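First the structure, in the form of structure tokens, and then the observations on it.
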Protein chains: 2
Amino acid sequence: MTVISEMVPASHGRAYRMQAGQVAVIANLHGNQVVDAWALSETDPLEFSSMDHTRSVNSSIYLEKGMKVVSNRRRPMMTLLDDSALLCHDTLLCPCNAEIYEQLGCDGYHRSCSDNFHEALAAKERQLPFTPASLNLFMNVPVHADGSLERHAPASKAGDYVALRAEMDLLLVLSACPQDITVINGDDRTPRNIAIRIAGEYPEALQ
Amino acid sequence: MTVISEMVPASHGRAYRMQAGQVAVIANLHGNQVVDAWALSETDPLEFSSMDHTRSVNSSIYLEKGMKVVSNRRRPMMTLLDDSALLCHDTLLCPCNAEIYEQLGCDGYHRSCSDNFHEALAAKERQLPFTPASLNLFMNVPVHADGSLERHAPASKAGDYVALRAEMDLLLVLSACPQDITVINGDDRTPRNIAIRIAGEYPEALQ
């Protein structure tokens with residue numbers, strides 16, 4: 001049974017309650033869009049998805065199909081159940097924040113994944129006094145042998161999707177990244193909306 | 001003028017107040033020892049060294065000589081001024097915590113870098129409700145082209161050192177990592193002490 005089917009508007013964030021076993025399908029409608037993602041435990045107010053523990057558990061700098069996202073308490077939170085484009089999703093780079101846009105020369109306020117995270121939490125009456133590192137779905141960050149990294153446009157095409165299964169009761173937070181200065185959201189630098197469907201069984205969420 | 005010269009005992013943590021411009025020299029007395037490190041701003045209680053922002057600013061998965069550690073507000077906190085062995089210091093993996101040792105099969109309490117962090121903060125009347133990702137000095141984590149990573153013994157030899165210059169007034173937190181199950185602290189799996197000297201000018205801290 002599909003419990004949620006909606007859009008996350010371009011450059012905005014949303015949070016969704018998921019029960020253990022439910023699956024979220026996040027569809028990259030236009031192919032270009034990076035989605036910053038976090039999970040928060042529903043039972044421990046200070047347990048959240050941890051990229052440093054996730055890299056440790058997977059012994060990998062990327063998140064790929066079959067790998068798990070774990071918490072700062074090393075409990076499994078989500079499994080990347082399916083991935084239509086078999087991407088190497090980024091775990092390395094920070095969610096964008098106000099300071100990044102200041103440093104990029106923006107005048108005045110610019111939306112950011114960090115602000116989207118806190119806004120989405122507040123809408124669910126949750127809060128955290130900091131911004132955890134994000135899982136950056138569809139974000140294309142190749143790493144060279146010398147450790148240097150590059151920021152490329154996503155390798156996904158319109159309609160590509162990932163399916164994340166909740167391994168505990170959690171709050172899933174998504175931000176359709178507002179970055180429009182670098183090419184991280186595509187060569188035309190135009191943030192776009194994404195689709196999310198949450199269902200009790202995996203194939204249903206694809207329909 | 002040297003202001004501090006002491007040992008961090010094996011498997012324990014310590015915190016040190018540093019003024020902007022002071023330099024900490026951390027010496028790997030036995031060559032084998034990983035040192036988990038964090039910095040906290042002295043003026044903002046929620047500003048701390050951020051590995052995800054540090055990788056972003058340096059466009060690198062490692063910290064190497066000349067690179068900066070930045071905060072979650074993207075302000076420079078420390079510069080890796082010198083490094084006798086020119087290592088690729090790890091920014092990827094989590095500080096060890098109680099859950100890791102449970103998962104490794106330990107019975108009862110095992111010291112951890114996360115607990116060392118919070119103990120060291122408490123001794124300076126500071127606290128954070130979570131454990132930020134750590135800069136893992138001397139930690140040897142090669143990454144392969146497919147994104148998989150390995151945990152090797154440190155490539156440093158006895159007496160190798162790093163010099164970190166504070167770029168703001170901060171609290172430097174160090175943990176001599178207690179990991180004695182994997183080879184991350186050397187093939188003999190024996191955590192050892194480290195030396196720290198803090199001085200107002202860089203060469204003085206080497207004496």
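Letters A, B, ... go to the chains of the structure tokens in the order shown; residues in each chain start at 1; ligands are counted from 1 in the same order.
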
Write out as JSON lines the residues of chain B that have any atom within 8 Å of an atom of chain A, one row each with the nearest atom pair and its distance in Å to one decimal, counting only C-alpha atoms, sorted by chain and then rising number.
```
{"residue": "B:Leu46", "atom": "CA", "partner": "A:Phe130", "partner_atom": "CA", "distance": 7.2}
{"residue": "B:Asp52", "atom": "CA", "partner": "A:Cys94", "partner_atom": "CA", "distance": 4.6}
{"residue": "B:His53", "atom": "CA", "partner": "A:Cys94", "partner_atom": "CA", "distance": 5.3}
{"residue": "B:Arg55", "atom": "CA", "partner": "A:Leu93", "partner_atom": "CA", "distance": 6.5}
{"residue": "B:Ser56", "atom": "CA", "partner": "A:Leu93", "partner_atom": "CA", "distance": 5.7}
{"residue": "B:Ser59", "atom": "CA", "partner": "A:Leu149", "partner_atom": "CA", "distance": 5.2}
{"residue": "B:Ser60", "atom": "CA", "partner": "A:Ser148", "partner_atom": "CA", "distance": 4.2}
{"residue": "B:Ile61", "atom": "CA", "partner": "A:Gly147", "partner_atom": "CA", "distance": 5.3}
{"residue": "B:Tyr62", "atom": "CA", "partner": "A:Gly147", "partner_atom": "CA", "distance": 6.1}
{"residue": "B:Arg73", "atom": "CA", "partner": "A:Glu99", "partner_atom": "CA", "distance": 6.2}
{"residue": "B:Arg74", "atom": "CA", "partner": "A:Glu99", "partner_atom": "CA", "distance": 6.5}
{"residue": "B:Leu92", "atom": "CA", "partner": "A:Asp52", "partner_atom": "CA", "distance": 6.0}
{"residue": "B:Leu93", "atom": "CA", "partner": "A:Asp52", "partner_atom": "CA", "distance": 5.0}
{"residue": "B:Cys94", "atom": "CA", "partner": "A:Asp52", "partner_atom": "CA", "distance": 4.6}
{"residue": "B:Glu99", "atom": "CA", "partner": "A:Arg73", "partner_atom": "CA", "distance": 6.2}
{"residue": "B:Ile100", "atom": "CA", "partner": "A:Arg74", "partner_atom": "CA", "distance": 7.4}
{"residue": "B:Pro129", "atom": "CA", "partner": "A:Leu46", "partner_atom": "CA", "distance": 7.5}
{"residue": "B:Phe130", "atom": "CA", "partner": "A:Leu46", "partner_atom": "CA", "distance": 7.2}
{"residue": "B:Ala133", "atom": "CA", "partner": "A:Asp52", "partner_atom": "CA", "distance": 6.4}
{"residue": "B:Val143", "atom": "CA", "partner": "A:Ala145", "partner_atom": "CA", "distance": 7.7}
{"residue": "B:His144", "atom": "CA", "partner": "A:Ala145", "partner_atom": "CA", "distance": 7.4}
{"residue": "B:Ala145", "atom": "CA", "partner": "A:Ala145", "partner_atom": "CA", "distance": 6.9}
{"residue": "B:Gly147", "atom": "CA", "partner": "A:Ile61", "partner_atom": "CA", "distance": 5.3}
{"residue": "B:Ser148", "atom": "CA", "partner": "A:Ser60", "partner_atom": "CA", "distance": 4.2}
{"residue": "B:Leu149", "atom": "CA", "partner": "A:Ser59", "partner_atom": "CA", "distance": 5.3}
{"residue": "B:Glu150", "atom": "CA", "partner": "A:Ser59", "partner_atom": "CA", "distance": 6.9}
```

Expected answer as a PyMOL selection string: strand (DSSP E) residues in chain B: chain B and resi 2-8+13-18+23-28+35-41+62-63+68-70+76-83+89-90+135-137+160-166+170-176+194-199

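Atom to atom, atom CA of Asn28 of chain B and atom CA of Gly105 of chain B stand 28.4 Å apart.
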
Could you tell me how far atom CA of Glu42 of chain A lies from atom CA of Ala195 of chain A, in Å and to one decimal? 23.3 Å

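Atom CA of Ala122 of chain A is positioned 16.8 Å from atom CA of Met18 of chain A.
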
Within 9 Å of Gly21 of chain A, counting only C-alpha atoms, which residues show up once you throw out same-chain ones fewer than 6 positions away? Write them as a ChimeraX atom specification, please. /A:165-169,200-201

Could you save those same residues with all heavy atoms as a PDB file, in the first residue's frame?
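The resulting out30.pdb:
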```pdb
ATOM      1  N   ARG A 165      15.113   1.014   1.823  1.00  0.00           N
ATOM      2  CA  ARG A 165      14.247   0.337   2.798  1.00  0.00           C
ATOM      3  C   ARG A 165      14.632   0.782   4.213  1.00  0.00           C
ATOM      4  O   ARG A 165      15.815   0.773   4.582  1.00  0.00           O
ATOM      5  CB  ARG A 165      14.388  -1.170   2.686  1.00  0.00           C
ATOM      6  CG  ARG A 165      13.419  -1.931   3.648  1.00  0.00           C
ATOM      7  CD  ARG A 165      13.548  -3.426   3.486  1.00  0.00           C
ATOM      8  NE  ARG A 165      14.876  -3.876   3.848  1.00  0.00           N
ATOM      9  CZ  ARG A 165      15.496  -4.919   3.287  1.00  0.00           C
ATOM     10  NH1 ARG A 165      14.893  -5.620   2.352  1.00  0.00           N
ATOM     11  NH2 ARG A 165      16.717  -5.252   3.672  1.00  0.00           N
ATOM     12  N   ALA A 166      13.629   1.174   4.986  1.00  0.00           N
ATOM     13  CA  ALA A 166      13.870   1.539   6.387  1.00  0.00           C
ATOM     14  C   ALA A 166      14.125   0.276   7.196  1.00  0.00           C
ATOM     15  O   ALA A 166      13.361  -0.689   7.099  1.00  0.00           O
ATOM     16  CB  ALA A 166      12.675   2.298   6.948  1.00  0.00           C
ATOM     17  N   GLU A 167      15.199   0.279   7.969  1.00  0.00           N
ATOM     18  CA  GLU A 167      15.526  -0.878   8.815  1.00  0.00           C
ATOM     19  C   GLU A 167      15.124  -0.639  10.264  1.00  0.00           C
ATOM     20  O   GLU A 167      15.342  -1.495  11.117  1.00  0.00           O
ATOM     21  CB  GLU A 167      17.020  -1.202   8.700  1.00  0.00           C
ATOM     22  CG  GLU A 167      17.513  -1.461   7.273  1.00  0.00           C
ATOM     23  CD  GLU A 167      16.875  -2.691   6.623  1.00  0.00           C
ATOM     24  OE1 GLU A 167      16.251  -3.491   7.338  1.00  0.00           O
ATOM     25  OE2 GLU A 167      17.009  -2.840   5.389  1.00  0.00           O
ATOM     26  N   MET A 168      14.619   0.533  10.538  1.00  0.00           N
ATOM     27  CA  MET A 168      14.065   0.846  11.860  1.00  0.00           C
ATOM     28  C   MET A 168      12.992   1.917  11.630  1.00  0.00           C
ATOM     29  O   MET A 168      12.893   2.464  10.530  1.00  0.00           O
ATOM     30  CB  MET A 168      15.141   1.376  12.822  1.00  0.00           C
ATOM     31  CG  MET A 168      15.774   2.696  12.367  1.00  0.00           C
ATOM     32  SD  MET A 168      16.802   3.525  13.627  1.00  0.00           S
ATOM     33  CE  MET A 168      18.197   2.417  13.769  1.00  0.00           C
ATOM     34  N   ASP A 169      12.200   2.200  12.632  1.00  0.00           N
ATOM     35  CA  ASP A 169      11.262   3.325  12.520  1.00  0.00           C
ATOM     36  C   ASP A 169      12.088   4.607  12.493  1.00  0.00           C
ATOM     37  O   ASP A 169      12.930   4.828  13.386  1.00  0.00           O
ATOM     38  CB  ASP A 169      10.297   3.355  13.713  1.00  0.00           C
ATOM     39  CG  ASP A 169       9.351   2.163  13.723  1.00  0.00           C
ATOM     40  OD1 ASP A 169       9.297   1.425  12.704  1.00  0.00           O
ATOM     41  OD2 ASP A 169       8.680   1.963  14.741  1.00  0.00           O
ATOM     42  N   GLY A 200       4.605  -0.054   1.614  1.00  0.00           N
ATOM     43  CA  GLY A 200       4.942  -1.140   2.541  1.00  0.00           C
ATOM     44  C   GLY A 200       5.744  -2.237   1.900  1.00  0.00           C
ATOM     45  O   GLY A 200       6.465  -2.965   2.567  1.00  0.00           O
ATOM     46  N   GLU A 201       5.601  -2.376   0.591  1.00  0.00           N
ATOM     47  CA  GLU A 201       6.363  -3.410  -0.128  1.00  0.00           C
ATOM     48  C   GLU A 201       7.112  -2.726  -1.249  1.00  0.00           C
ATOM     49  O   GLU A 201       6.616  -1.766  -1.843  1.00  0.00           O
ATOM     50  CB  GLU A 201       5.420  -4.460  -0.698  1.00  0.00           C
ATOM     51  CG  GLU A 201       4.652  -5.239   0.351  1.00  0.00           C
ATOM     52  CD  GLU A 201       5.531  -6.219   1.098  1.00  0.00           C
ATOM     53  OE1 GLU A 201       6.573  -6.636   0.534  1.00  0.00           O
ATOM     54  OE2 GLU A 201       5.185  -6.551   2.254  1.00  0.00           O
TER      55      GLU A 201
END
```

Segment 51-197 of chain B: which residues are alpha helix (DSSP H) by DSSP, as an MDAnalysis selection string? chainID B and resid 51:58 98:103 113:123

Need the shell around Trp38 of chain A: protein/DNA/RNA residues with any atom at most 7 Å away, counting only C-alpha atoms. Skip same-chain ones fewer than 2 positions apart. Format as a PyMOL selection string? chain A and resi 40+49+134-135+172-174

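Remark: for Lys65 of chain B, the closest of the candidate residues B:Ala199, B:Ile184, B:Cys177, B:Ala163 is B:Ala163 (distances computed over only C-alpha atoms).
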